[in-house]
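Raw contents of input.cif, mmCIF, C-alpha atoms:
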data_coords
#
loop_
_atom_site.group_PDB
_atom_site.id
_atom_site.type_symbol
_atom_site.label_atom_id
_atom_site.label_comp_id
_atom_site.auth_asym_id
_atom_site.auth_seq_id
_atom_site.Cartn_x
_atom_site.Cartn_y
_atom_site.Cartn_z
ATOM 1 C CA MET A 1037 167.530 145.973 98.686
ATOM 2 C CA ARG A 1038 166.238 142.671 97.381
ATOM 3 C CA VAL A 1039 166.516 140.226 100.276
ATOM 4 C CA VAL A 1040 165.817 136.511 100.113
ATOM 5 C CA PHE A 1041 165.017 135.284 103.619
ATOM 6 C CA ALA A 1042 165.636 131.779 104.993
ATOM 7 C CA GLY A 1043 164.340 130.895 108.445
ATOM 8 C CA THR A 1044 161.831 128.780 110.302
ATOM 9 C CA PRO A 1045 160.852 129.470 113.969
ATOM 10 C CA ASP A 1046 159.578 132.564 115.808
ATOM 11 C CA PHE A 1047 163.143 133.799 116.301
ATOM 12 C CA ALA A 1048 163.382 134.164 112.523
ATOM 13 C CA ARG A 1049 159.829 135.464 112.050
ATOM 14 C CA LEU A 1050 160.644 138.666 113.947
ATOM 15 C CA ALA A 1051 163.595 139.300 111.667
ATOM 16 C CA LEU A 1052 161.522 138.783 108.515
ATOM 17 C CA GLU A 1053 158.853 141.165 109.750
ATOM 18 C CA ALA A 1054 161.483 143.780 110.649
ATOM 19 C CA ILE A 1055 163.097 143.519 107.211
ATOM 20 C CA LEU A 1056 159.718 144.041 105.555
ATOM 21 C CA ALA A 1057 158.906 146.960 107.863
ATOM 22 C CA ALA A 1058 162.223 148.586 106.903
ATOM 23 C CA GLY A 1059 161.063 148.679 103.288
ATOM 24 C CA HIS A 1060 163.233 145.992 101.753
ATOM 25 C CA ALA A 1061 161.824 143.851 98.960
ATOM 26 C CA VAL A 1062 161.596 140.168 99.857
ATOM 27 C CA PRO A 1063 160.879 138.252 96.631
ATOM 28 C CA LEU A 1064 161.272 134.763 98.156
ATOM 29 C CA VAL A 1065 161.248 133.025 101.535
ATOM 30 C CA LEU A 1066 162.786 129.614 102.236
ATOM 31 C CA THR A 1067 161.608 127.677 105.277
ATOM 32 C CA GLN A 1068 161.396 124.126 106.585
ATOM 33 C CA PRO A 1069 158.614 121.819 105.341
ATOM 34 C CA ASP A 1070 155.396 121.771 107.355
ATOM 35 C CA ARG A 1071 155.692 119.539 110.427
ATOM 36 C CA PRO A 1072 153.138 117.651 112.544
ATOM 37 C CA ALA A 1073 152.282 119.637 115.666
ATOM 38 C CA GLY A 1074 149.790 119.630 118.516
ATOM 39 C CA ARG A 1075 147.865 116.738 119.978
ATOM 40 C CA GLY A 1076 146.328 115.912 116.619
ATOM 41 C CA LEU A 1077 149.749 116.011 114.909
ATOM 42 C CA LYS A 1078 148.278 118.151 112.160
ATOM 43 C CA LEU A 1079 150.728 119.402 109.555
ATOM 44 C CA THR A 1080 151.527 122.963 110.585
ATOM 45 C CA PRO A 1081 153.419 125.663 108.668
ATOM 46 C CA SER A 1082 156.388 127.288 110.355
ATOM 47 C CA PRO A 1083 156.003 130.767 111.902
ATOM 48 C CA VAL A 1084 158.129 132.159 109.072
ATOM 49 C CA LYS A 1085 155.918 130.583 106.421
ATOM 50 C CA GLN A 1086 152.822 131.987 108.096
ATOM 51 C CA ALA A 1087 154.341 135.476 108.153
ATOM 52 C CA ALA A 1088 155.480 135.213 104.537
ATOM 53 C CA LEU A 1089 152.080 134.084 103.265
ATOM 54 C CA ALA A 1090 150.389 136.860 105.242
ATOM 55 C CA ALA A 1091 152.674 139.329 103.434
ATOM 56 C CA GLY A 1092 152.007 137.724 100.036
ATOM 57 C CA ILE A 1093 155.584 136.458 99.593
ATOM 58 C CA PRO A 1094 156.274 133.254 97.620
ATOM 59 C CA VAL A 1095 157.532 130.420 99.838
ATOM 60 C CA ASP A 1096 159.661 127.407 98.994
ATOM 61 C CA GLN A 1097 160.211 124.517 101.420
ATOM 62 C CA PRO A 1098 163.031 122.314 100.094
ATOM 63 C CA ARG A 1099 163.986 119.282 102.139
ATOM 64 C CA SER A 1100 167.601 119.888 101.149
ATOM 65 C CA LEU A 1101 169.641 122.402 99.159
ATOM 66 C CA ARG A 1102 172.312 119.912 98.155
ATOM 67 C CA LEU A 1103 172.168 119.300 94.426
ATOM 68 C CA ASP A 1104 173.963 115.979 94.956
ATOM 69 C CA GLY A 1105 172.021 114.990 98.077
ATOM 70 C CA ARG A 1106 168.934 112.892 98.841
ATOM 71 C CA TYR A 1107 166.518 115.436 97.371
ATOM 72 C CA PRO A 1108 168.200 116.857 94.255
ATOM 73 C CA GLU A 1109 164.834 117.816 92.746
ATOM 74 C CA ASP A 1110 164.071 120.032 95.768
ATOM 75 C CA ALA A 1111 167.490 121.672 95.512
ATOM 76 C CA ALA A 1112 167.172 122.258 91.768
ATOM 77 C CA LYS A 1113 163.767 123.874 92.205
ATOM 78 C CA ALA A 1114 165.131 126.117 94.962
ATOM 79 C CA ARG A 1115 168.097 127.065 92.759
ATOM 80 C CA ASP A 1116 165.758 128.105 89.943
ATOM 81 C CA GLN A 1117 163.647 130.160 92.325
ATOM 82 C CA LEU A 1118 166.686 131.832 93.870
ATOM 83 C CA HIS A 1119 168.019 132.810 90.460
ATOM 84 C CA ALA A 1120 164.602 134.159 89.492
ATOM 85 C CA ALA A 1121 164.409 136.158 92.742
ATOM 86 C CA ALA A 1122 167.736 137.851 91.876
ATOM 87 C CA PRO A 1123 168.553 138.822 95.475
ATOM 88 C CA ASP A 1124 171.184 141.357 96.465
ATOM 89 C CA VAL A 1125 171.682 139.439 99.699
ATOM 90 C CA MET A 1126 170.264 136.486 101.584
ATOM 91 C CA VAL A 1127 169.438 136.670 105.300
ATOM 92 C CA VAL A 1128 169.470 133.413 107.282
ATOM 93 C CA ALA A 1129 168.055 132.950 110.783
ATOM 94 C CA ALA A 1130 167.512 129.566 112.429
ATOM 95 C CA TYR A 1131 166.722 128.023 109.058
ATOM 96 C CA GLY A 1132 167.626 124.422 109.850
ATOM 97 C CA LEU A 1133 169.300 123.454 106.574
ATOM 98 C CA ILE A 1134 172.982 123.592 105.695
ATOM 99 C CA LEU A 1135 173.673 126.036 102.874
ATOM 100 C CA PRO A 1136 175.975 124.537 100.227
ATOM 101 C CA GLN A 1137 178.560 126.714 98.530
ATOM 102 C CA TRP A 1138 176.377 127.437 95.501
ATOM 103 C CA VAL A 1139 173.846 129.161 97.781
ATOM 104 C CA LEU A 1140 176.524 131.156 99.622
ATOM 105 C CA ASP A 1141 177.898 132.355 96.274
ATOM 106 C CA LEU A 1142 174.600 133.227 94.599
ATOM 107 C CA PRO A 1143 173.745 136.690 96.023
ATOM 108 C CA PRO A 1144 176.234 139.485 95.171
ATOM 109 C CA HIS A 1145 176.539 140.349 98.886
ATOM 110 C CA GLY A 1146 176.469 136.734 100.038
ATOM 111 C CA CYS A 1147 174.495 135.389 102.973
ATOM 112 C CA LEU A 1148 174.143 137.100 106.354
ATOM 113 C CA ASN A 1149 173.315 135.007 109.402
ATOM 114 C CA ILE A 1150 171.639 136.144 112.633
ATOM 115 C CA HIS A 1151 173.315 134.065 115.330
ATOM 116 C CA ALA A 1152 172.097 134.188 118.941
ATOM 117 C CA SER A 1153 175.445 134.446 120.724
ATOM 118 C CA LEU A 1154 178.566 136.567 120.986
ATOM 119 C CA LEU A 1155 180.719 134.668 118.549
ATOM 120 C CA PRO A 1156 183.004 132.786 118.695
ATOM 121 C CA ARG A 1157 181.387 131.674 121.965
ATOM 122 C CA TRP A 1158 178.541 129.212 121.449
ATOM 123 C CA ARG A 1159 178.774 128.360 117.803
ATOM 124 C CA GLY A 1160 176.209 125.711 116.921
ATOM 125 C CA ALA A 1161 172.607 124.718 117.398
ATOM 126 C CA ALA A 1162 171.610 125.748 120.952
ATOM 127 C CA PRO A 1163 173.481 128.929 121.921
ATOM 128 C CA ILE A 1164 170.685 130.372 124.077
ATOM 129 C CA GLN A 1165 170.304 127.300 126.263
ATOM 130 C CA ARG A 1166 174.025 126.603 126.573
ATOM 131 C CA ALA A 1167 174.769 130.167 127.651
ATOM 132 C CA ILE A 1168 172.303 129.880 130.545
ATOM 133 C CA GLU A 1169 173.460 126.377 131.434
ATOM 134 C CA ALA A 1170 177.071 127.553 131.627
ATOM 135 C CA GLY A 1171 176.200 130.436 133.935
ATOM 136 C CA ASP A 1172 177.075 133.199 131.444
ATOM 137 C CA THR A 1173 176.001 136.659 132.583
ATOM 138 C CA GLU A 1174 175.980 138.092 129.065
ATOM 139 C CA THR A 1175 175.158 136.923 125.576
ATOM 140 C CA GLY A 1176 173.946 138.667 122.461
ATOM 141 C CA VAL A 1177 173.445 138.533 118.721
ATOM 142 C CA THR A 1178 176.098 138.443 116.016
ATOM 143 C CA ILE A 1179 175.373 139.295 112.395
ATOM 144 C CA MET A 1180 177.823 137.127 110.492
ATOM 145 C CA GLN A 1181 178.933 136.812 106.873
ATOM 146 C CA MET A 1182 178.343 133.127 106.265
ATOM 147 C CA ASP A 1183 181.068 130.834 104.972
ATOM 148 C CA ALA A 1184 181.335 127.057 104.616
ATOM 149 C CA GLY A 1185 182.186 126.498 108.295
ATOM 150 C CA LEU A 1186 179.908 126.113 111.308
ATOM 151 C CA ASP A 1187 179.278 129.709 112.413
ATOM 152 C CA THR A 1188 182.863 130.632 111.536
ATOM 153 C CA GLY A 1189 182.279 133.601 109.209
ATOM 154 C CA ASP A 1190 183.392 137.188 109.684
ATOM 155 C CA MET A 1191 181.463 139.310 112.172
ATOM 156 C CA LEU A 1192 179.589 142.314 110.800
ATOM 157 C CA LEU A 1193 177.644 143.629 113.785
ATOM 158 C CA VAL A 1194 177.254 142.655 117.460
ATOM 159 C CA ARG A 1195 174.497 143.405 119.982
ATOM 160 C CA ARG A 1196 175.072 142.527 123.647
ATOM 161 C CA VAL A 1197 172.254 141.297 125.905
ATOM 162 C CA PRO A 1198 172.610 140.640 129.668
ATOM 163 C CA ILE A 1199 171.379 137.350 131.142
ATOM 164 C CA GLY A 1200 169.410 137.863 134.351
ATOM 165 C CA PRO A 1201 170.126 135.626 137.357
ATOM 166 C CA GLU A 1202 166.670 134.028 137.133
ATOM 167 C CA GLN A 1203 166.187 134.245 133.363
ATOM 168 C CA ASN A 1204 165.046 131.180 131.457
ATOM 169 C CA ALA A 1205 165.585 130.249 127.832
ATOM 170 C CA SER A 1206 162.088 131.328 126.832
ATOM 171 C CA SER A 1207 162.436 134.944 127.945
ATOM 172 C CA LEU A 1208 166.047 135.196 126.746
ATOM 173 C CA HIS A 1209 164.966 133.836 123.355
ATOM 174 C CA ASP A 1210 162.436 136.652 123.039
ATOM 175 C CA GLU A 1211 165.002 139.312 123.941
ATOM 176 C CA LEU A 1212 167.536 137.936 121.494
ATOM 177 C CA ALA A 1213 164.947 137.614 118.728
ATOM 178 C CA ALA A 1214 164.096 141.301 119.131
ATOM 179 C CA ALA A 1215 167.787 142.221 119.232
ATOM 180 C CA GLY A 1216 168.445 140.145 116.127
ATOM 181 C CA ALA A 1217 165.591 141.757 114.215
ATOM 182 C CA SER A 1218 166.893 145.223 115.038
ATOM 183 C CA ALA A 1219 170.492 144.268 114.266
ATOM 184 C CA ILE A 1220 169.779 142.811 110.836
ATOM 185 C CA VAL A 1221 167.882 145.932 109.805
ATOM 186 C CA GLU A 1222 170.868 148.031 110.904
ATOM 187 C CA ALA A 1223 173.264 145.725 109.058
ATOM 188 C CA LEU A 1224 171.252 145.875 105.827
ATOM 189 C CA ALA A 1225 171.123 149.670 106.009
ATOM 190 C CA ALA A 1226 174.901 149.797 106.435
ATOM 191 C CA LEU A 1227 175.372 147.309 103.591
ATOM 192 C CA GLN A 1228 173.175 149.395 101.313
ATOM 193 C CA ALA A 1229 175.188 152.505 102.200
ATOM 194 C CA GLY A 1230 178.479 150.695 101.629
ATOM 195 C CA GLY A 1231 179.566 151.010 105.249
ATOM 196 C CA LEU A 1232 179.335 147.450 106.594
ATOM 197 C CA SER A 1233 182.786 146.397 107.801
ATOM 198 C CA ARG A 1234 183.937 142.839 108.480
ATOM 199 C CA ALA A 1235 186.066 141.472 111.301
ATOM 200 C CA PRO A 1236 187.321 137.895 111.594
ATOM 201 C CA GLN A 1237 186.268 135.979 114.680
ATOM 202 C CA PRO A 1238 188.899 135.721 117.413
ATOM 203 C CA ALA A 1239 190.835 132.463 117.463
ATOM 204 C CA GLU A 1240 190.441 132.256 121.233
ATOM 205 C CA GLY A 1241 187.227 131.704 123.161
ATOM 206 C CA VAL A 1242 185.601 129.256 120.735
ATOM 207 C CA THR A 1243 182.911 127.055 122.301
ATOM 208 C CA TYR A 1244 180.220 124.883 120.736
ATOM 209 C CA ALA A 1245 176.549 124.795 121.678
ATOM 210 C CA ALA A 1246 175.565 121.180 121.164
ATOM 211 C CA LYS A 1247 172.035 120.447 120.021
ATOM 212 C CA LEU A 1248 169.613 119.779 122.876
ATOM 213 C CA ASP A 1249 168.924 116.117 123.577
ATOM 214 C CA LYS A 1250 165.821 114.822 125.350
ATOM 215 C CA ALA A 1251 168.104 112.604 127.431
ATOM 216 C CA GLU A 1252 169.448 115.756 129.085
ATOM 217 C CA ALA A 1253 166.046 116.537 130.570
ATOM 218 C CA ALA A 1254 166.423 114.196 133.567
ATOM 219 C CA LEU A 1255 168.132 116.070 136.397
ATOM 220 C CA ASP A 1256 171.319 114.355 137.544
ATOM 221 C CA PHE A 1257 171.637 114.922 141.279
ATOM 222 C CA SER A 1258 175.259 113.827 141.268
ATOM 223 C CA LEU A 1259 175.856 117.376 140.011
ATOM 224 C CA ALA A 1260 175.875 120.521 142.142
ATOM 225 C CA ALA A 1261 172.648 122.326 142.987
ATOM 226 C CA ASP A 1262 173.630 125.531 141.180
ATOM 227 C CA VAL A 1263 174.355 123.564 137.993
ATOM 228 C CA LEU A 1264 170.945 121.897 138.177
ATOM 229 C CA ALA A 1265 169.147 125.188 138.832
ATOM 230 C CA ARG A 1266 170.758 126.622 135.693
ATOM 231 C CA ARG A 1267 169.696 123.550 133.698
ATOM 232 C CA VAL A 1268 166.102 124.023 134.810
ATOM 233 C CA ARG A 1269 166.190 127.572 133.415
ATOM 234 C CA ALA A 1270 168.101 126.567 130.289
ATOM 235 C CA PHE A 1271 165.657 123.796 129.417
ATOM 236 C CA ASP A 1272 162.516 125.933 129.778
ATOM 237 C CA PRO A 1273 160.522 125.387 127.590
ATOM 238 C CA VAL A 1274 162.422 122.655 125.679
ATOM 239 C CA PRO A 1275 163.160 119.889 126.534
ATOM 240 C CA GLY A 1276 161.965 120.713 130.063
ATOM 241 C CA ALA A 1277 163.912 119.438 133.080
ATOM 242 C CA THR A 1278 162.419 116.384 134.792
ATOM 243 C CA VAL A 1279 162.665 114.599 138.131
ATOM 244 C CA ARG A 1280 161.236 111.382 139.522
ATOM 245 C CA LEU A 1281 159.415 111.724 142.849
ATOM 246 C CA PRO A 1282 158.314 108.950 145.225
ATOM 247 C CA GLY A 1283 154.765 107.741 144.630
ATOM 248 C CA LEU A 1284 154.533 109.036 141.066
ATOM 249 C CA ASP A 1285 154.934 106.685 138.110
ATOM 250 C CA ASP A 1286 155.922 109.295 135.542
ATOM 251 C CA PRO A 1287 158.672 111.918 135.616
ATOM 252 C CA VAL A 1288 157.617 115.379 136.739
ATOM 253 C CA LYS A 1289 158.673 118.498 134.859
ATOM 254 C CA VAL A 1290 160.470 121.158 136.861
ATOM 255 C CA TRP A 1291 159.988 124.710 135.624
ATOM 256 C CA ARG A 1292 161.529 126.685 138.470
ATOM 257 C CA ALA A 1293 164.128 125.693 141.026
ATOM 258 C CA GLN A 1294 166.543 127.343 143.424
ATOM 259 C CA ALA A 1295 169.986 126.277 144.604
ATOM 260 C CA LEU A 1296 170.367 126.461 148.383
ATOM 261 C CA PRO A 1297 173.634 126.297 150.285
ATOM 262 C CA GLY A 1298 174.228 123.546 152.795
ATOM 263 C CA ALA A 1299 175.281 119.939 152.893
ATOM 264 C CA SER A 1300 173.281 116.757 153.382
ATOM 265 C CA ALA A 1301 174.417 113.325 154.499
ATOM 266 C CA MET A 1302 171.690 111.806 152.336
ATOM 267 C CA VAL A 1303 172.334 110.187 148.965
ATOM 268 C CA PRO A 1304 172.041 112.709 146.094
ATOM 269 C CA GLY A 1305 168.505 112.582 144.713
ATOM 270 C CA THR A 1306 166.904 111.987 148.136
ATOM 271 C CA VAL A 1307 163.860 114.153 148.894
ATOM 272 C CA LEU A 1308 164.766 115.865 152.165
ATOM 273 C CA ARG A 1309 161.442 117.605 152.758
ATOM 274 C CA ALA A 1310 158.305 118.625 150.879
ATOM 275 C CA LEU A 1311 156.842 121.860 152.190
ATOM 276 C CA PRO A 1312 154.671 124.606 150.705
ATOM 277 C CA ALA A 1313 157.858 126.663 150.331
ATOM 278 C CA GLY A 1314 159.540 124.014 148.192
ATOM 279 C CA ILE A 1315 160.577 120.408 147.679
ATOM 280 C CA ASP A 1316 164.203 120.085 148.774
ATOM 281 C CA ILE A 1317 166.393 117.435 147.149
ATOM 282 C CA ALA A 1318 169.942 116.495 148.096
ATOM 283 C CA THR A 1319 172.612 117.001 145.439
ATOM 284 C CA ALA A 1320 176.366 116.428 145.284
ATOM 285 C CA ASP A 1321 176.889 120.008 146.451
ATOM 286 C CA GLY A 1322 174.057 121.956 148.033
ATOM 287 C CA ILE A 1323 170.297 121.461 147.967
ATOM 288 C CA LEU A 1324 167.969 121.945 145.012
ATOM 289 C CA ARG A 1325 164.598 123.434 145.952
ATOM 290 C CA LEU A 1326 161.830 122.782 143.425
ATOM 291 C CA LEU A 1327 159.414 125.724 143.098
ATOM 292 C CA GLU A 1328 157.191 125.043 140.074
ATOM 293 C CA LEU A 1329 156.294 121.603 138.720
ATOM 294 C CA GLN A 1330 154.047 119.818 136.264
ATOM 295 C CA LYS A 1331 152.776 116.259 136.414
ATOM 296 C CA ALA A 1332 152.472 114.265 133.202
ATOM 297 C CA GLY A 1333 149.305 115.387 131.440
ATOM 298 C CA GLY A 1334 148.743 118.195 133.947
ATOM 299 C CA LYS A 1335 149.336 121.925 134.149
ATOM 300 C CA ARG A 1336 152.166 123.884 135.672
ATOM 301 C CA GLN A 1337 151.650 124.317 139.419
ATOM 302 C CA SER A 1338 153.352 126.345 142.117
ATOM 303 C CA VAL A 1339 155.021 124.035 144.605
ATOM 304 C CA ASP A 1340 152.494 124.673 147.404
ATOM 305 C CA VAL A 1341 149.649 123.487 145.157
ATOM 306 C CA PHE A 1342 151.710 120.569 143.849
ATOM 307 C CA VAL A 1343 152.707 119.412 147.344
ATOM 308 C CA ARG A 1344 149.092 119.350 148.540
ATOM 309 C CA GLY A 1345 148.081 117.084 145.684
ATOM 310 C CA TRP A 1346 151.165 114.904 146.012
ATOM 311 C CA GLN A 1347 150.763 114.420 149.756
ATOM 312 C CA ALA A 1348 147.046 113.752 149.387
ATOM 313 C CA LYS A 1349 147.871 110.943 146.954
ATOM 314 C CA ASP A 1350 150.389 109.507 149.398
#
For the file at hand, write its structure as structure tokens.
Amino acid sequence: MRVVFAGTPDFARLALEAILAAGHAVPLVLTQPDRPAGRGLKLTPSPVKQAALAAGIPVDQPRSLRLDGRYPEDAAKARDQLHAAAPDVMVVAAYGLILPQWVLDLPPHGCLNIHASLLPRWRGAAPIQRAIEAGDTETGVTIMQMDAGLDTGDMLLVRRVPIGPEQNASSLHDELAAAGASAIVEALAALQAGGLSRAPQPAEGVTYAAKLDKAEAALDFSLAADVLARRVRAFDPVPGATVRLPGLDDPVKVWRAQALPGASAMVPGTVLRALPAGIDIATADGILRLLELQKAGGKRQSVDVFVRGWQAKD
């Protein structure tokens, strides 16, 4: 099949590479414009663009696909390229742009989206992180026929993935990316054979995965310890949970933490003890033990190493 691919980060790169490996023709790739990255803020192509160029595929990077939007010239150029590519179907994975109706209508088989949740749970921008934060024990990937709504289209194929009790967003992302790559190849094969069936999403169980905000990074000790431990895992690697510790001017990133049972008469946020086994902090319900931390400008450290340096400074 002729497949136009639209995606940007590593999650999408795996899908593009799987589609190519399955033998489908990819005449065009759409991805986000190059962004500043690294300490030097050098303009850097997206992982999908890098993979496309390595495979010799033409790439377009419109700032918008809305013909009546802020960048109509970008949208018009993309429209011309899409028509020239003459795709049978378009595959979308973490692209980052809203697809207007003219794009959804252009391929004969429409646009298929790889969404990292079991729809209709966790529609929206951050399904991986919100699933961990909520304490879900299972998530997955849904291949969806895109429509004009926010992740509201019919479901075509579902892959379930368990969430481990200590799993963070980074490792779950990698599992879901692999599951999504496999699922889209299966879906395209079924589509080509005429055997891809559609099912509407259930009306019940709809939740929305709000976009991550840097303001969420600061741990709020008025919450329960188990909630905070899940946030630490959900926000690894982005935005990274943070805490302020006595004697340190800048917030400290927390990469691993454990919720302990027990009550404390101390005000939530009070450091109860700092030992090689962990830094214990009072919360509204239970105790949060910090196990891996990172000072501003430093490297990740196990808590025993961190505590030695922190106490030496004190």
Skipping near chain neighbours, those fewer than 3 positions away, what residues fall within 12 Å of Ser1300 (chain A) using all atoms listed in the file, listed as a short mmCIF file (atom, residue, chain, number, x, y, z; two decimals) with C-alpha atoms, in the coordinates of the input?
data_model
loop_
_atom_site.label_atom_id
_atom_site.label_comp_id
_atom_site.auth_asym_id
_atom_site.auth_seq_id
_atom_site.Cartn_x
_atom_site.Cartn_y
_atom_site.Cartn_z
CA ALA A 1261 172.65 122.33 142.99
CA LEU A 1296 170.37 126.46 148.38
CA PRO A 1297 173.63 126.30 150.28
CA VAL A 1303 172.33 110.19 148.96
CA PRO A 1304 172.04 112.71 146.09
CA GLY A 1305 168.50 112.58 144.71
CA THR A 1306 166.90 111.99 148.14
CA VAL A 1307 163.86 114.15 148.89
CA LEU A 1308 164.77 115.86 152.16
CA ARG A 1309 161.44 117.60 152.76
CA ASP A 1316 164.20 120.08 148.77
CA ILE A 1317 166.39 117.44 147.15
CA ALA A 1318 169.94 116.50 148.10
CA THR A 1319 172.61 117.00 145.44
CA ALA A 1320 176.37 116.43 145.28
CA ASP A 1321 176.89 120.01 146.45
CA GLY A 1322 174.06 121.96 148.03
CA ILE A 1323 170.30 121.46 147.97
CA LEU A 1324 167.97 121.94 145.01
#
Step by step, gather every atom of region 1049-1062 of chain A that the file lists, find the box along x, y and z that holds them, add 6 Å on each side, and finally give centre and edge lengths in Å to one decimal, as lines of an AutoDock Vina configuration file.
center_x = 161.2
center_y = 142.1
center_z = 106.5
size_x = 16.7
size_y = 25.2
size_z = 27.0
Find the residues near Arg1115 (chain A): any atom within 10 Å, counting all atoms listed in the file, skip ones fewer than 3 places away on the same chain, and give them as a list in words.
Leu1101, Arg1102, Leu1103, Glu1109, Asp1110, Ala1111, Ala1112, Leu1118, His1119, Ala1120, Ala1121, Trp1138, Val1139 and Leu1142 of chain A
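Coordinates place CA of Gln1068 (chain A) at a distance of 10.1 Å from CA of Pro1083 (chain A).
Closest approach to Ala1270 (chain A) among A:Asp1210, A:Glu1169, A:Asp1249, A:Asp1187 is made by A:Glu1169 (distances from all atoms listed in the file).
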Given the file above and the PyMOL selection byres ((chain A and resi 1189) around 10), which residues are selected, and can you give them as a ChimeraX atom specification?
/A:1148-1149,1155-1156,1179-1188,1190-1192,1234-1237
Apply the PyMOL selection byres ((chain A and resi 1123) around 12) to the displayed file and report the matching residues as a PDB file with C-alpha atoms, keeping the file's coordinate frame.
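Once written, expr_21.pdb looks like this:
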ATOM      1  CA  MET A1037     167.530 145.973  98.686  1.00  0.00           C
ATOM      2  CA  ARG A1038     166.238 142.671  97.381  1.00  0.00           C
ATOM      3  CA  VAL A1039     166.516 140.226 100.276  1.00  0.00           C
ATOM      4  CA  VAL A1040     165.817 136.511 100.113  1.00  0.00           C
ATOM      5  CA  PHE A1041     165.017 135.284 103.619  1.00  0.00           C
ATOM      6  CA  HIS A1060     163.233 145.992 101.753  1.00  0.00           C
ATOM      7  CA  ALA A1061     161.824 143.851  98.960  1.00  0.00           C
ATOM      8  CA  VAL A1062     161.596 140.168  99.857  1.00  0.00           C
ATOM      9  CA  PRO A1063     160.879 138.252  96.631  1.00  0.00           C
ATOM     10  CA  LEU A1064     161.272 134.763  98.156  1.00  0.00           C
ATOM     11  CA  VAL A1065     161.248 133.025 101.535  1.00  0.00           C
ATOM     12  CA  GLN A1117     163.647 130.160  92.325  1.00  0.00           C
ATOM     13  CA  LEU A1118     166.686 131.832  93.870  1.00  0.00           C
ATOM     14  CA  HIS A1119     168.019 132.810  90.460  1.00  0.00           C
ATOM     15  CA  ALA A1120     164.602 134.159  89.492  1.00  0.00           C
ATOM     16  CA  ALA A1121     164.409 136.158  92.742  1.00  0.00           C
ATOM     17  CA  ALA A1122     167.736 137.851  91.876  1.00  0.00           C
ATOM     18  CA  ASP A1124     171.184 141.357  96.465  1.00  0.00           C
ATOM     19  CA  VAL A1125     171.682 139.439  99.699  1.00  0.00           C
ATOM     20  CA  MET A1126     170.264 136.486 101.584  1.00  0.00           C
ATOM     21  CA  VAL A1127     169.438 136.670 105.300  1.00  0.00           C
ATOM     22  CA  VAL A1139     173.846 129.161  97.781  1.00  0.00           C
ATOM     23  CA  LEU A1140     176.524 131.156  99.622  1.00  0.00           C
ATOM     24  CA  ASP A1141     177.898 132.355  96.274  1.00  0.00           C
ATOM     25  CA  LEU A1142     174.600 133.227  94.599  1.00  0.00           C
ATOM     26  CA  PRO A1143     173.745 136.690  96.023  1.00  0.00           C
ATOM     27  CA  PRO A1144     176.234 139.485  95.171  1.00  0.00           C
ATOM     28  CA  HIS A1145     176.539 140.349  98.886  1.00  0.00           C
ATOM     29  CA  GLY A1146     176.469 136.734 100.038  1.00  0.00           C
ATOM     30  CA  CYS A1147     174.495 135.389 102.973  1.00  0.00           C
TER      31      CYS A1147
END
Which residues match the PyMOL selection byres ((chain A and resi 1312) around 8) in the file above, as a VMD selection string?
chain A and resid 1310 to 1311 1313 to 1315 1339 to 1341 1343 to 1344
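When all atoms listed in the file are used to measure the gap to Ala1042 (chain A), the shortest distance among A:Ala1073, A:Ala1054, A:Val1268, A:Leu1135 belongs to A:Leu1135.
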CA of Gln1203 (chain A) to CA of Phe1342 (chain A): how many Å, to one decimal?
22.5 Å
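Separating CA of Pro1273 (chain A) from CA of Arg1075 (chain A) is a distance of 17.1 Å.
Using only C-alpha atoms, the nearest neighbour of Asp1172 (chain A) within the list A:Gly1345, A:Gly1200, A:Gly1298, A:Gly1160 is A:Gly1200.
Among the candidates A:Arg1049, A:Thr1178, A:Gly1276, A:Val1221, the one nearest to Leu1089 (chain A) when counting all atoms listed in the file is A:Arg1049.
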For Arg1267 (chain A), work out the shell of residues within 12 Å, counting only C-alpha atoms and skipping chain neighbours fewer than 6 positions away, then give it as a ChimeraX atom specification.
/A:1164-1171,1202-1205,1248,1252-1257,1259-1261,1273-1278,1290-1295,1324
Residues within 9 Å of Leu1232 (chain A), all atoms listed in the file, excluding chain neighbours under 3 positions, as a PyMOL selection string
chain A and resi 1192-1193+1223-1229
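Distances to Pro1198 (chain A) were evaluated for A:Leu1154, A:Leu1284, A:Met1302, A:Ala1161 using all atoms listed in the file, and the minimum falls at A:Leu1154.
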Go through A:Thr1044, A:Ser1233, A:Thr1243, A:Ser1153 and flag the residue nearest Val1197 (chain A), using all atoms listed in the file for the distances.
A:Ser1153
